[in-house]
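Encoded as structure tokens, the structure appears first; notes follow it.
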Amino acid sequence: VIHDAEIRAGNLAASYDAIILPDHYSIELLINGYPKGTMPPDYVGGLTTGGVNNLKEFVRQGGTLIFMNTTCDLAAQEFKAPLRNILEKAKAEEFNCVGSILQAEFDLSQPVAYGLSNPQPIIFADSCAFDLYPSFTDKNIPKVIGRYAGDNLLLSGWIYGQNLIQQKAAVVEVPVEKGRLILLGFPVQYRAQPRGPFKLLFNSIFYGTIKNSSGHKG
């Protein structure tokens with residue numbers, strides 16, 4: 001467990017190969033934190049802008065930063081990853097899907113997808129769907145590791161506006177200098193999640209010890 005204070009202190013690359021930012025319902029709260037007196041001291045204060053900058057430096061020095069579900073929006077907003085979550089501002093009358101089982105497809109040649117079946121059932125809960133933008137440099141081009149199925153998307157439950165996410169990216173890797181960002185756009189560790197997607201998290205952690213495509217240690 002890493003508390004906010006340790007992230008705010010910096011020099012993270014000296015201690016960690018991979019850091020996970022767990023699912024959180026509010027990016028603003030993740031950065032600014034709970035006010036003093038509302039939580040035990042270790043849980044107030046948030047990352048702060050300084051802490052976010054320290055995470056950026058961690059990645060630049062070769063670290064792997066793993067975003068889970070809703071925290072993927074932080075990657076786009078603060079880390080300037082060349083993508084956007086098309087569901088971030090989607091209205092209920094445009095798209096609605098909570099706790100349903102969808103079908104996803106994975107690039108099994110990618111280390112993060114190692115050991116998965118294809119296609120793979122996943123749980124979708126307040127999750128992300130990404131559009132990717134062209135990158136200014138070849139070294140920063142995102143890799144799509146998994147995407148939502150086109151045909152037979154819904155396996156169980158209910159979805160409205162499914163055409164909005166069909167064939168959109170769900171899991172993405174973004175190289176950043178010596179390190180990388182990994183965006184797991186749905187809750188891979190969710191209690192009702194099929195067993196397969198758990199591998200995405202474990203693979204991402206182990207991947208943090210492997211050199212990235214530019215030859216630097218991640």
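Following the order of the structure tokens, chains are lettered A, B, ..., residues in each are numbered from 1, and ligands are numbered from 1.
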How would you write, as a short mmCIF file (atom, residue, chain, number, x, y, z; two decimals) with N, CA, C and O atoms, in the first residue's frame, the set of residues in stretch 152-190 of chain A that DSSP gives as strand (DSSP E or B)?
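Output file part-v6.cif follows:
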data_model
loop_
_atom_site.label_atom_id
_atom_site.label_comp_id
_atom_site.auth_asym_id
_atom_site.auth_seq_id
_atom_site.Cartn_x
_atom_site.Cartn_y
_atom_site.Cartn_z
N LEU A 154 -23.24 -7.98 -26.06
CA LEU A 154 -23.91 -8.24 -24.78
C LEU A 154 -24.08 -9.73 -24.58
O LEU A 154 -24.72 -10.42 -25.37
N LEU A 155 -23.50 -10.25 -23.49
CA LEU A 155 -23.64 -11.66 -23.14
C LEU A 155 -24.70 -11.88 -22.06
O LEU A 155 -25.41 -12.87 -22.07
N SER A 156 -24.79 -10.92 -21.12
CA SER A 156 -25.78 -11.05 -20.04
C SER A 156 -26.02 -9.67 -19.45
O SER A 156 -25.09 -8.89 -19.29
N TYR A 160 -27.78 -0.09 -23.20
CA TYR A 160 -28.45 0.85 -24.09
C TYR A 160 -27.38 1.71 -24.77
O TYR A 160 -26.50 2.25 -24.10
N ALA A 169 -11.59 0.78 -27.98
CA ALA A 169 -10.54 0.22 -27.13
C ALA A 169 -10.98 0.16 -25.67
O ALA A 169 -11.63 1.08 -25.16
N ALA A 170 -10.62 -0.92 -25.01
CA ALA A 170 -10.95 -1.12 -23.59
C ALA A 170 -9.70 -1.21 -22.73
O ALA A 170 -9.72 -0.86 -21.55
N VAL A 171 -8.61 -1.71 -23.30
CA VAL A 171 -7.32 -1.83 -22.59
C VAL A 171 -6.24 -1.29 -23.52
O VAL A 171 -6.14 -1.71 -24.68
N VAL A 172 -5.43 -0.35 -23.00
CA VAL A 172 -4.47 0.35 -23.85
C VAL A 172 -3.14 0.50 -23.12
O VAL A 172 -3.11 0.72 -21.90
N GLU A 173 -2.05 0.40 -23.86
CA GLU A 173 -0.72 0.72 -23.34
C GLU A 173 -0.21 1.96 -24.06
O GLU A 173 -0.30 2.05 -25.28
N VAL A 174 0.31 2.92 -23.30
CA VAL A 174 0.86 4.15 -23.88
C VAL A 174 2.32 4.29 -23.45
O VAL A 174 2.60 4.52 -22.26
N PRO A 175 3.29 4.12 -24.35
CA PRO A 175 4.70 4.34 -23.99
C PRO A 175 4.94 5.82 -23.67
O PRO A 175 4.42 6.70 -24.35
N VAL A 176 5.70 6.06 -22.61
CA VAL A 176 6.06 7.44 -22.21
C VAL A 176 7.54 7.44 -21.83
O VAL A 176 7.91 6.92 -20.77
N GLY A 179 9.20 4.74 -19.62
CA GLY A 179 8.18 3.93 -18.97
C GLY A 179 6.92 3.78 -19.80
O GLY A 179 6.93 3.94 -21.02
N ARG A 180 5.81 3.49 -19.12
CA ARG A 180 4.56 3.25 -19.83
C ARG A 180 3.36 3.47 -18.92
O ARG A 180 3.45 3.32 -17.69
N LEU A 181 2.26 3.83 -19.54
CA LEU A 181 0.96 3.86 -18.89
C LEU A 181 0.17 2.66 -19.38
O LEU A 181 0.19 2.35 -20.57
N ILE A 182 -0.52 1.98 -18.48
CA ILE A 182 -1.42 0.90 -18.87
C ILE A 182 -2.81 1.25 -18.36
O ILE A 182 -3.01 1.45 -17.17
N LEU A 183 -3.76 1.35 -19.29
CA LEU A 183 -5.12 1.71 -18.94
C LEU A 183 -6.00 0.47 -19.03
O LEU A 183 -6.22 -0.08 -20.12
N LEU A 184 -6.47 0.01 -17.88
CA LEU A 184 -7.41 -1.11 -17.80
C LEU A 184 -8.79 -0.49 -17.67
O LEU A 184 -9.20 -0.09 -16.59
#
When DSSP works through the backbone of this structure, what residues of stretch 28-170 of chain A end up as helix (DSSP H, G or I), shown as number ranges by chain? A: 28-32, 41-43, 48-60, 69-77, 111-113, 138-140, 162-164
Please, what distance in Å, to one decimal, runs between atom CA of A:Asn96 and atom CA of A:Asp23? 18.9 Å
Excluding A:Asn203 and residues on its chain fewer than 3 positions from it, collect all residues at most 9 Å away from it, counting only C-alpha atoms, and give them as a VMD selection string. chain A and resid 111 to 114 198 to 200 206 to 208
With only C-alpha atoms as the counted atoms, please give the residues lying no more than 9 Å from stretch 86-91 of chain A, apart from itself and same-chain residues fewer than 5 positions off, as a PyMOL selection string. chain A and resi 70+73+96+126-131+164-165
Keeping only N, CA, C and O atoms, write the selected residues to a file as a short mmCIF file (atom, residue, chain, number, x, y, z; two decimals), in the first residue's frame.
data_model
loop_
_atom_site.label_atom_id
_atom_site.label_comp_id
_atom_site.auth_asym_id
_atom_site.auth_seq_id
_atom_site.Cartn_x
_atom_site.Cartn_y
_atom_site.Cartn_z
N THR A 70 -12.26 3.80 -13.77
CA THR A 70 -12.52 5.23 -13.87
C THR A 70 -11.27 6.10 -13.72
O THR A 70 -11.26 7.24 -14.21
N ASP A 73 -9.39 8.08 -16.67
CA ASP A 73 -9.62 9.47 -17.08
C ASP A 73 -8.47 10.37 -16.64
O ASP A 73 -8.18 11.39 -17.28
N ASN A 96 -26.06 3.51 -21.44
CA ASN A 96 -26.27 3.04 -20.07
C ASN A 96 -25.95 1.55 -20.01
O ASN A 96 -26.49 0.76 -20.78
N ASP A 126 -19.52 1.23 -14.92
CA ASP A 126 -19.00 2.60 -14.96
C ASP A 126 -17.63 2.63 -15.63
O ASP A 126 -16.69 3.26 -15.14
N SER A 127 -17.52 1.96 -16.74
CA SER A 127 -16.22 1.71 -17.36
C SER A 127 -15.93 2.69 -18.50
O SER A 127 -16.68 3.63 -18.73
N CYS A 128 -14.83 2.45 -19.20
CA CYS A 128 -14.33 3.36 -20.21
C CYS A 128 -14.36 2.71 -21.59
O CYS A 128 -14.30 1.49 -21.72
N ALA A 129 -14.42 3.54 -22.60
CA ALA A 129 -14.24 3.12 -23.99
C ALA A 129 -13.43 4.22 -24.66
O ALA A 129 -13.81 5.39 -24.61
N PHE A 130 -12.32 3.86 -25.28
CA PHE A 130 -11.36 4.86 -25.72
C PHE A 130 -11.33 5.05 -27.23
O PHE A 130 -11.35 4.09 -28.00
N ASP A 131 -11.27 6.31 -27.64
CA ASP A 131 -10.86 6.70 -28.98
C ASP A 131 -9.41 7.11 -28.89
O ASP A 131 -9.02 7.85 -27.96
N LEU A 164 -22.19 2.77 -29.37
CA LEU A 164 -21.22 3.78 -28.96
C LEU A 164 -19.88 3.17 -28.59
O LEU A 164 -18.83 3.80 -28.75
N ILE A 165 -19.88 1.92 -28.10
CA ILE A 165 -18.62 1.31 -27.64
C ILE A 165 -18.16 0.12 -28.48
O ILE A 165 -17.06 -0.39 -28.26
#
Excluding A:Lys36 and its own-chain neighbours fewer than 5 positions away, which residues fall within 8 Å of it when counting only C-alpha atoms? Please give them as a PDB file with C-alpha atoms, in the first residue's frame.
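The resulting file, result.pdb, is reproduced below:
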ATOM      1  CA  PRO A  41      -4.512  11.254   8.740  1.00  0.00           C
ATOM      2  CA  VAL A  44      -6.522  12.896   3.757  1.00  0.00           C
ATOM      3  CA  GLY A  45      -4.831  15.377   1.465  1.00  0.00           C
TER       4      GLY A  45
END
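Put simply, atom CA of A:Thr64 is 11.1 Å away from atom CA of A:Glu177.
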For A:Lys168: contacts at 12 Å, only C-alpha atoms, fewer than 5 positions along chain excluded, given as a list in words: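 Once the nearby chain positions are removed, what remains is Leu83, Arg84, Asn85, Ile86, Leu87, Gln103, Ala104, Glu105, Phe106, Cys128, Ala129, Phe130, Asp131, Leu132, Val144, Ile145, Gly146, Arg147, Tyr148, Ala149, Gly150, Leu153, Gln162, Asn163 and Gly185 of chain A.
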Got a sec: who's within 7 Å of stretch 26-33 of chain A, counting only C-alpha atoms, leaving out chain neighbours fewer than 2 positions off, as a VMD selection string? chain A and resid 24 35 44 to 49 71 74
Only N, CA and C atoms, please: the residues just picked out, written as a PDB file, in the first residue's frame.
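Result file again.pdb:
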ATOM      1  N   HIS A  24     -11.616   4.742  -8.740  1.00  0.00           N
ATOM      2  CA  HIS A  24     -12.064   5.804  -7.836  1.00  0.00           C
ATOM      3  C   HIS A  24     -13.159   6.591  -8.534  1.00  0.00           C
ATOM      4  N   PRO A  35     -10.954  16.354   3.111  1.00  0.00           N
ATOM      5  CA  PRO A  35     -10.492  17.394   4.042  1.00  0.00           C
ATOM      6  C   PRO A  35     -10.003  16.781   5.358  1.00  0.00           C
ATOM      7  N   VAL A  44      -6.086  11.551   4.139  1.00  0.00           N
ATOM      8  CA  VAL A  44      -6.522  12.896   3.757  1.00  0.00           C
ATOM      9  C   VAL A  44      -5.429  13.564   2.922  1.00  0.00           C
ATOM     10  N   GLY A  45      -5.815  14.586   2.195  1.00  0.00           N
ATOM     11  CA  GLY A  45      -4.831  15.377   1.465  1.00  0.00           C
ATOM     12  C   GLY A  45      -4.725  15.082  -0.008  1.00  0.00           C
ATOM     13  N   GLY A  46      -5.009  13.836  -0.437  1.00  0.00           N
ATOM     14  CA  GLY A  46      -4.961  13.505  -1.857  1.00  0.00           C
ATOM     15  C   GLY A  46      -3.560  13.485  -2.434  1.00  0.00           C
ATOM     16  N   LEU A  47      -3.486  13.205  -3.723  1.00  0.00           N
ATOM     17  CA  LEU A  47      -2.194  13.170  -4.399  1.00  0.00           C
ATOM     18  C   LEU A  47      -1.590  14.559  -4.506  1.00  0.00           C
ATOM     19  N   THR A  48      -2.413  15.568  -4.680  1.00  0.00           N
ATOM     20  CA  THR A  48      -2.050  16.955  -4.982  1.00  0.00           C
ATOM     21  C   THR A  48      -1.403  17.025  -6.366  1.00  0.00           C
ATOM     22  N   THR A  49      -1.284  18.212  -6.885  1.00  0.00           N
ATOM     23  CA  THR A  49      -0.639  18.409  -8.179  1.00  0.00           C
ATOM     24  C   THR A  49       0.814  17.944  -8.131  1.00  0.00           C
ATOM     25  N   THR A  71     -10.219   5.605 -13.078  1.00  0.00           N
ATOM     26  CA  THR A  71      -9.010   6.425 -12.966  1.00  0.00           C
ATOM     27  C   THR A  71      -8.293   6.571 -14.306  1.00  0.00           C
ATOM     28  N   LEU A  74      -7.788   9.998 -15.553  1.00  0.00           N
ATOM     29  CA  LEU A  74      -6.633  10.766 -15.092  1.00  0.00           C
ATOM     30  C   LEU A  74      -5.499  10.699 -16.116  1.00  0.00           C
TER      31      LEU A  74
END
Which of these residues is nearest to A:Arg60, using only C-alpha atoms: A:Pro121, A:Leu108, A:Ala13, A:Ile210?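 Nearest to A:Arg60: A:Ala13.
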Rounded to one decimal, what separation in Å do you get between atom CA of A:Gln110 and atom CA of A:Pro142? 12.3 Å
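Among A:Cys97, A:Ala9, A:Met39, A:Ile122, the residue with the shortest atom-to-atom distance to A:Pro194, counting only C-alpha atoms, is A:Ile122.
For the set A:Ile205, A:Ile19, A:Ile159, A:Ile7, the residue with the smallest atom-to-atom gap to A:Glu93 is A:Ile159, counting only C-alpha atoms.
When only C-alpha atoms are used to measure the gap to A:Lys178, the shortest distance among A:Phe124, A:Ala5, A:Ser100, A:Asn140 belongs to A:Asn140.
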